[in-house]
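Each remark here refers to the structure printed beneath this line.
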Amino acid sequence: MAIIQSKGRLLDLSSPVVMGILNATPDSFYNKGQLSDPESLTRNAEKMLKDGATILDIGGASSKPGQEIMSAEEELQRVIPAIMAVHREFPEAWLSVDTYNARVAKEAVGAGASIVNDISSGRFDDEMLRTVAALRVPYIAMHMQGTPKTMQMEPHYDDVAWEVRDYLRLVVDECSAAGITDIIVDPGFGFGKTVEHNFDLLRSLHTLRILGRPVLAGLSRKSMICKALRVNPEHALNGTTALNMVALQQGANILRVHDVREAMEVVRLAQWAF
């Protein structure tokens, strides 16, 4: 189950790969000075690919805590030109569209994306699973408690690892029933979880392998690092690197990061160490 396919191409995830984050939005929690116009995104894409990224994840809607759900129209205006520009320059690159809108997913795949990455696991758009099944592309399903606007309002779990795993098991079943073949699961670090929940989830990440699907870990510069180390996102690279190694020890197949070169160093060292 570690090989995914899209548009006649195969991607082997039996060895860990890095997904670089390209934000086509001006209000992400961490932009690192990144501009969101297509030309700037293309330059950043080139650097990430040279640094070793296997997948580039392009999103036009911020999902930071407190954020409202974005309309498909506004998201399309941001993300489609970006995907077209990156795909035109790097047609062999694996591009993922980070969206919870089925219409955006469909148009993004038409513009060059090969993977749909949905933080809502189809909960925000009833057409999403059917759309992805018809597109015949891999689907990344993430766990989130609530919505971006409400997710950090006193999140509660009796057993966070069990509840996230059970949620993702149900989502995998729903995706399979809809006709989606290639499914990647993401526990959703920082999405409706306290710092303690996030670290409990990281320690139990290996238990997601029971689902028989590749696992994505998105830890990059998130609040669990910032709060634990008392730093802001700009100073959270060292903490990100440390937790990325833990994620690989726990069996993660994909590291979703802002800093590709450093993440690739983690992957290379892990291959020596494990």
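Every chain in the structure tokens takes a letter, A first, then B, and so on in the order presented; its residues are numbered from 1, and the ligands are numbered from 1 following the presented order.
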**Exercise: Met142 of chain A partners within 12 Å, only C-alpha atoms, chain neighbours under 4 positions left out, as number ranges by chain** = A: 98-100, 116-123, 164-165, 167-172, 183-192, 215-218
**Message:** Need to verify the contact set: Asp182 of chain A, 12 Å, only C-alpha atoms, exclusion of same-chain residues closer than 6 positions in sequence. Can you return it as a ChimeraX atom specification?
**Reply:** /A:1-6,10-13,114-117,132-133,135-141,172-173,175-176,212-215
Closest pair table for segment 35-113 of chain A residues within 12 Å of segment 254-271 of chain A, only C-alpha atoms, as a tab-separated table:
residue	atom	partner	partner_atom	distance
A:Asn44	CA	A:His258	CA	10.4
A:Ala45	CA	A:Val260	CA	10.4
A:Glu46	CA	A:Val260	CA	11.3
A:Lys47	CA	A:Val260	CA	8.8
A:Met48	CA	A:Val260	CA	5.9
A:Leu49	CA	A:Val260	CA	8.4
A:Lys50	CA	A:Arg261	CA	8.7
A:Asp51	CA	A:Arg261	CA	5.0
A:Gly52	CA	A:Met264	CA	6.4
A:Ala53	CA	A:Val260	CA	6.2
A:Thr54	CA	A:Ile254	CA	9.4
A:Ile55	CA	A:Arg256	CA	8.9
A:Leu56	CA	A:Arg256	CA	9.0
A:Asp57	CA	A:Arg256	CA	8.3
A:Ile58	CA	A:Arg256	CA	11.5
A:Ser96	CA	A:Arg256	CA	11.2
A:Asp98	CA	A:Arg256	CA	11.6
**Message:** Using DSSP assignments from the backbone, pull out every residue in segment 95-177 of chain A that falls under helix (DSSP H, G or I) and give it to me as a PyMOL selection string.
**Reply:** chain A and resi 102-111+128-135+160-177
**Asked** If you run DSSP on this backbone, which residues of segment 38-198 of chain A come out as strand (DSSP E or B), and could you give them as a PyMOL selection string?
**Response** chain A and resi 55-59+94-98+115-118+139-142+183-186
Please report, as JSON lines, each residue of segment 174-238 of chain A lying at most 12 Å from segment 125-128 of chain A, together with the nearest pair of atoms and the separation in Å rounded to one decimal; use only C-alpha atoms, and order rows by chain and ascending residue number.
{"residue": "A:Glu174", "atom": "CA", "partner": "A:Met128", "partner_atom": "CA", "distance": 11.4}
{"residue": "A:Cys175", "atom": "CA", "partner": "A:Met128", "partner_atom": "CA", "distance": 9.8}
{"residue": "A:Ala178", "atom": "CA", "partner": "A:Met128", "partner_atom": "CA", "distance": 9.8}
{"residue": "A:Gly179", "atom": "CA", "partner": "A:Met128", "partner_atom": "CA", "distance": 11.7}
{"residue": "A:Ile180", "atom": "CA", "partner": "A:Met128", "partner_atom": "CA", "distance": 10.8}
Using only all heavy atoms, please write the residues we just selected to a file, as a PDB file, in the first residue's frame.
ATOM      1  N   GLU A 174     -14.999   5.256   4.066  1.00  0.00           N
ATOM      2  CA  GLU A 174     -15.851   6.105   3.235  1.00  0.00           C
ATOM      3  C   GLU A 174     -15.184   6.383   1.887  1.00  0.00           C
ATOM      4  O   GLU A 174     -15.846   6.364   0.833  1.00  0.00           O
ATOM      5  CB  GLU A 174     -16.130   7.422   3.956  1.00  0.00           C
ATOM      6  CG  GLU A 174     -17.029   7.287   5.179  1.00  0.00           C
ATOM      7  CD  GLU A 174     -17.145   8.586   5.951  1.00  0.00           C
ATOM      8  OE1 GLU A 174     -16.524   9.590   5.525  1.00  0.00           O
ATOM      9  OE2 GLU A 174     -17.843   8.612   6.974  1.00  0.00           O
ATOM     10  N   CYS A 175     -13.902   6.658   1.911  1.00  0.00           N
ATOM     11  CA  CYS A 175     -13.172   6.919   0.666  1.00  0.00           C
ATOM     12  C   CYS A 175     -13.176   5.687  -0.237  1.00  0.00           C
ATOM     13  O   CYS A 175     -13.408   5.791  -1.449  1.00  0.00           O
ATOM     14  CB  CYS A 175     -11.731   7.319   0.973  1.00  0.00           C
ATOM     15  SG  CYS A 175     -11.547   8.941   1.757  1.00  0.00           S
ATOM     16  N   ALA A 178     -16.453   5.195  -1.832  1.00  0.00           N
ATOM     17  CA  ALA A 178     -16.701   6.186  -2.888  1.00  0.00           C
ATOM     18  C   ALA A 178     -15.933   5.862  -4.159  1.00  0.00           C
ATOM     19  O   ALA A 178     -16.229   6.415  -5.222  1.00  0.00           O
ATOM     20  CB  ALA A 178     -16.324   7.575  -2.398  1.00  0.00           C
ATOM     21  N   GLY A 179     -14.922   4.986  -4.047  1.00  0.00           N
ATOM     22  CA  GLY A 179     -14.149   4.602  -5.221  1.00  0.00           C
ATOM     23  C   GLY A 179     -12.745   5.166  -5.276  1.00  0.00           C
ATOM     24  O   GLY A 179     -12.068   5.057  -6.297  1.00  0.00           O
ATOM     25  N   ILE A 180     -12.285   5.768  -4.171  1.00  0.00           N
ATOM     26  CA  ILE A 180     -10.910   6.292  -4.118  1.00  0.00           C
ATOM     27  C   ILE A 180      -9.971   5.138  -3.795  1.00  0.00           C
ATOM     28  O   ILE A 180     -10.147   4.446  -2.787  1.00  0.00           O
ATOM     29  CB  ILE A 180     -10.781   7.406  -3.068  1.00  0.00           C
ATOM     30  CG1 ILE A 180     -11.751   8.547  -3.385  1.00  0.00           C
ATOM     31  CG2 ILE A 180      -9.350   7.924  -2.999  1.00  0.00           C
ATOM     32  CD1 ILE A 180     -11.803   9.620  -2.312  1.00  0.00           C
TER      33      ILE A 180
END
**Item:** All residues 12 Å or closer to Glu163 of chain A, only C-alpha atoms, same chain fewer than 2 positions away omitted, as a PyMOL selection string
**Value:** chain A and resi 143-145+156-161+165-170+187+193+197+200-201+204+207-208
Next, dump the selected residues to file, keeping only C-alpha atoms, as an mmCIF file, in the first residue's frame.
data_model
loop_
_atom_site.group_PDB
_atom_site.id
_atom_site.type_symbol
_atom_site.label_atom_id
_atom_site.label_comp_id
_atom_site.auth_asym_id
_atom_site.auth_seq_id
_atom_site.Cartn_x
_atom_site.Cartn_y
_atom_site.Cartn_z
ATOM 1 C CA HIS A 143 -8.303 14.492 11.160
ATOM 2 C CA MET A 144 -9.617 17.759 12.548
ATOM 3 C CA GLN A 145 -11.903 18.400 15.494
ATOM 4 C CA HIS A 156 -11.291 17.524 24.247
ATOM 5 C CA TYR A 157 -10.570 13.806 23.866
ATOM 6 C CA ASP A 158 -10.843 10.860 26.188
ATOM 7 C CA ASP A 159 -8.067 9.092 24.241
ATOM 8 C CA VAL A 160 -6.699 11.242 21.425
ATOM 9 C CA ALA A 161 -4.695 8.500 19.701
ATOM 10 C CA ARG A 165 -7.237 6.478 14.557
ATOM 11 C CA ASP A 166 -10.924 5.510 14.681
ATOM 12 C CA TYR A 167 -11.924 8.663 12.794
ATOM 13 C CA LEU A 168 -9.371 7.992 10.065
ATOM 14 C CA ARG A 169 -10.444 4.348 9.858
ATOM 15 C CA LEU A 170 -14.003 5.472 9.151
ATOM 16 C CA PRO A 187 -3.506 12.793 12.014
ATOM 17 C CA LYS A 193 -5.664 19.583 19.656
ATOM 18 C CA HIS A 197 -2.815 16.021 22.585
ATOM 19 C CA ASP A 200 0.374 12.056 22.726
ATOM 20 C CA LEU A 201 -0.537 11.663 19.061
ATOM 21 C CA SER A 204 1.298 6.916 19.019
ATOM 22 C CA THR A 207 -0.502 2.867 15.445
ATOM 23 C CA LEU A 208 -1.918 4.503 12.301
#
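One finds atom CA of Pro26 of chain A at 16.2 Å from atom CA of Ile83 of chain A.
With only C-alpha atoms as the atoms that count, the residue of A:Leu95, A:Ala82, A:Ala252, A:Leu76 with the shortest distance to Glu107 of chain A is A:Leu76.
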